[in-house]
Protein chains: 2
Amino acid sequence: MGEPILARAQGTYIPSCNQCSLSNICLPIAVSHEDLYRLEAVVSQGKIFDRGELVFRQCDRFKSCFAVQGGAIKTYFVSEDGEKQVTGFYLPGEVVALDSVSTNHYSCSAEALERSSLCEIPLNRLEELAARIPSLQQHFFQLMSHEIQSGQQMSMLLSRRTAEERLASFLLSLSTRFNRRRLSPTHFRLPMARNDIANYLGLAVETVSRVLTRFQKQELVLFHGRNCTLVDIDGLKNIVHHYNSLCE
Amino acid sequence: MGEPILARAQGTYIPSCNQCSLSNICLPIAVSHEDLYRLEAVVSQGKIFDRGELVFRQCDRFKSCFAVQGGAIKTYFVSEDGEKQVTGFYLPGEVVALDSVSTNHYSCSAEALERSSLCEIPLNRLEELAARIPSLQQHFFQLMSHEIQSGQQMSMLLSRRTAEERLASFLLSLSTRFNRRRLSPTHFRLPMARNDIANYLGLAVETVSRVLTRFQKQELVLFHGRNCTLVDIDGLKNIVHHYNSLCE
DNA sequence: CGGTGGATTGAGCACACTCAAGCATTGTGG
DNA sequence: CCACAATGCTTGAGTGTGCTCAATCCACCG
């Protein structure tokens, strides 16, 4: 169904899952080459969203999940009293809206943090396909399970860790994820505002700012606005040493 | 393979999913009667665990999820530095270990808080079955998705809510879940210790204690040890009024 | 009985929040 | 290209919620 939208994420046109540079970290990882064309028939490739544009809105009727192809997405929900809670940041190769599968509406809104390219995955059709391709079903189970686990790590972070520990592990998480994307793990641009980081980590913006400048004075990191250089990764890991759970 | 274990949860022997009083809130909800026998062939019914016994251990090889038939389970993981984090409480009809599907080991330990009866669901065989029974696959997706959503609500609770708000919503959550089980929503026995509650909610035990006695003085609840009576549910809801997300 | 683990209560302190002001960066219109 | 607004970010001062440490109380059980 590749209605040929001008998909110019990262400057290159990506027409199919087959040729997508993310194929090893997105859905197709679990799919044999023979099955890829079936998947491509289901997924709408490379829809473009400008900075600030909403991919979907909390309470919209749920229809599809979205895989990030390029750019970055943040998700957030608004509670009854109007308070906003940022629930996640999604980088290329990651899948948005897994939390909404259980309901018939989106439980959060998704907003492009920069010009982004997304692949739409209609859930109905994916379910059909997953029933026929065992590895795809399994992969989807694993994606969701992994998101549950991250949520638990997040709870740990929010309830037991100091501001420094939260920010250190946040930066290291970004580093890891950029690295998996074959981008530099030590030099990257933060796609989100300090405000979003603060909200996500359960801190005040002021605290985020203070901690990051402290990190800078300790020569752990270097910031120029949103450009971030991790100078002393081990130093950061030292701060978080609690964080990762056991199992070798 | 219903090896006839002496399954005496709540004093009655429950031999099959078919006759299980939880069939409407556990897995079978989504399964037609013709498919039930196939599910029963996969699920091991009513294994008994005594108070304090571990159902599985963090880092054990992952094999199965477990549905609670009777009793109560807590899950927790231990981080590198030996700190414990309680990640959830599971009541009858709820499924444990969905977070471990993505790895080949359990990412947390599960412990019986009282004498409990569990049904073992081997994931391999469930996946096979799910591929053949669309509604089962869908139900499992929904279970996992719902767990992701709860995790997000939990993050909100941990990062933005006061001790009072956390405890009020904790009590209301228990109330709702007991109610779904057809038990009294206003009078129940807490299966877990104050310590577990504190850990789960990211508070110190002392704080939990103080807040609960405050609630008692305000005549919102009544405690005799672990026996809990919710006196003024609306009062409690008033305290949490933030909590639930939008969407009518 | 005394012993043990869980629960409660009190006093003091600290981390991160709030409020407030100032600074930097980006974008827009003249 | 500069002026200005708007927004995002930083820094400072003071406060409060919930933590820590410590003692006491209570229930259950050998």
# chains A, B, ... in the order shown; residues from 1 in each chain; ligands from 1

$ residues_around --residues "Glu127 in chain A" --least-positions-apart "4" --cutoff "9 Å" --atoms "only C-alpha atoms (C1' of nucleotides)" --output "ChimeraX atom specification"
/A:122-123,131-132,137 /B:134,137-138

$ interface_residues --of "chain A" --to "chain B" --cutoff "8 Å" --atoms "only C-alpha atoms" --output "PDB file with C-alpha atoms, in the first residue's frame"
ATOM      1  CA  GLN A  58      -5.455  10.980  23.540  1.00  0.00           C
ATOM      2  CA  CYS A  59      -9.013   9.697  23.239  1.00  0.00           C
ATOM      3  CA  PHE A  77      -1.284  12.058  28.678  1.00  0.00           C
ATOM      4  CA  VAL A  78      -3.302  14.693  30.453  1.00  0.00           C
ATOM      5  CA  SER A  79      -5.077  13.772  33.667  1.00  0.00           C
ATOM      6  CA  GLU A  80      -8.454  15.016  34.841  1.00  0.00           C
ATOM      7  CA  ASP A  81      -7.009  18.055  36.527  1.00  0.00           C
ATOM      8  CA  GLN A  85       2.627  13.560  32.161  1.00  0.00           C
ATOM      9  CA  THR A  87       5.258   8.877  29.310  1.00  0.00           C
ATOM     10  CA  LEU A  98       1.617  -0.329  22.489  1.00  0.00           C
ATOM     11  CA  ASP A  99      -0.117   0.916  25.623  1.00  0.00           C
ATOM     12  CA  SER A 100      -3.303   1.615  23.724  1.00  0.00           C
ATOM     13  CA  VAL A 101      -3.899  -1.846  22.305  1.00  0.00           C
ATOM     14  CA  SER A 102      -6.034  -2.778  25.297  1.00  0.00           C
ATOM     15  CA  THR A 103      -8.574  -0.021  24.757  1.00  0.00           C
ATOM     16  CA  SER A 107      -4.458   6.439  26.165  1.00  0.00           C
ATOM     17  CA  GLU A 127      -3.081  -9.316  14.338  1.00  0.00           C
ATOM     18  CA  GLU A 128      -4.184 -11.302  11.318  1.00  0.00           C
ATOM     19  CA  ALA A 130       0.771 -12.293  13.462  1.00  0.00           C
ATOM     20  CA  ALA A 131      -1.496 -15.332  13.638  1.00  0.00           C
ATOM     21  CA  ARG A 132       0.031 -16.567  10.383  1.00  0.00           C
ATOM     22  CA  PRO A 134       4.604 -17.083  14.507  1.00  0.00           C
ATOM     23  CA  GLN A 137       3.486 -12.710  16.980  1.00  0.00           C
ATOM     24  CA  GLN A 138       6.371 -13.550  19.231  1.00  0.00           C
ATOM     25  CA  PHE A 141       4.714 -10.074  22.504  1.00  0.00           C
ATOM     26  CA  GLN A 142       8.325  -9.321  23.224  1.00  0.00           C
ATOM     27  CA  LEU A 143       8.013  -5.661  22.305  1.00  0.00           C
ATOM     28  CA  MET A 144       5.112  -5.264  24.689  1.00  0.00           C
ATOM     29  CA  SER A 145       6.735  -7.271  27.425  1.00  0.00           C
ATOM     30  CA  HIS A 146       9.837  -5.164  27.111  1.00  0.00           C
ATOM     31  CA  GLU A 147       7.764  -2.041  27.515  1.00  0.00           C
ATOM     32  CA  ILE A 148       6.287  -3.436  30.719  1.00  0.00           C
ATOM     33  CA  GLN A 149       9.780  -4.075  32.013  1.00  0.00           C
ATOM     34  CA  GLY A 151       7.974   0.752  32.995  1.00  0.00           C
ATOM     35  CA  GLN A 152       9.071  -1.120  36.090  1.00  0.00           C
ATOM     36  CA  MET A 154      11.035   3.612  35.448  1.00  0.00           C
ATOM     37  CA  SER A 155       9.051   3.115  38.640  1.00  0.00           C
ATOM     38  CA  MET A 156      12.247   2.166  40.418  1.00  0.00           C
ATOM     39  CA  LEU A 158      11.033   7.549  40.075  1.00  0.00           C
ATOM     40  CA  SER A 159      10.531   6.187  43.538  1.00  0.00           C
ATOM     41  CA  ARG A 160      14.017   5.428  44.814  1.00  0.00           C
ATOM     42  CA  LEU A 201      11.733  12.070  35.144  1.00  0.00           C
ATOM     43  CA  GLY A 202       9.405  13.489  37.766  1.00  0.00           C
ATOM     44  CA  LEU A 203      11.565  16.527  38.451  1.00  0.00           C
ATOM     45  CA  HIS A 241      25.366   1.796  39.520  1.00  0.00           C
ATOM     46  CA  HIS A 242      22.175   0.810  41.291  1.00  0.00           C
ATOM     47  CA  TYR A 243      19.972   0.993  38.319  1.00  0.00           C
ATOM     48  CA  ASN A 244      20.277  -2.127  36.227  1.00  0.00           C
ATOM     49  CA  SER A 245      18.708  -5.226  37.657  1.00  0.00           C
ATOM     50  CA  LEU A 246      20.617  -8.414  38.280  1.00  0.00           C
ATOM     51  CA  CYS A 247      20.869 -11.543  36.058  1.00  0.00           C
TER      52      CYS A 247
END

$ residues_around --residues "Arg210 in chain A" --least-positions-apart "4" --cutoff "9 Å" --atoms "only C-alpha atoms (C1' of nucleotides)" --output "list in words"
Val205, Glu206, Arg214 and Phe215 of chain A; DT10 and DT11 of chain D

$ closest_atom_pairs --of "chain C" --to "chain A" --cutoff "12 Å" --atoms "only C-alpha atoms (C1' of nucleotides)" --output "tab-separated table"
residue	atom	partner	partner_atom	distance
C:DA14	C1'	A:Thr162	CA	11.9
C:DC15	C1'	A:Thr162	CA	8.2
C:DA16	C1'	A:Thr207	CA	7.2
C:DC17	C1'	A:Ala204	CA	7.0
C:DT18	C1'	A:Ala204	CA	9.5
C:DC19	C1'	A:Glu206	CA	11.5
C:DA24	C1'	A:Gly225	CA	9.4
C:DT25	C1'	A:Gly225	CA	8.7
C:DT26	C1'	A:Gly225	CA	11.7

$ closest_residue --among "D:DC1, D:DC29, D:DC19, D:DT24" --to "chain B" --atoms "only C-alpha atoms (C1' of nucleotides)"
D:DC19
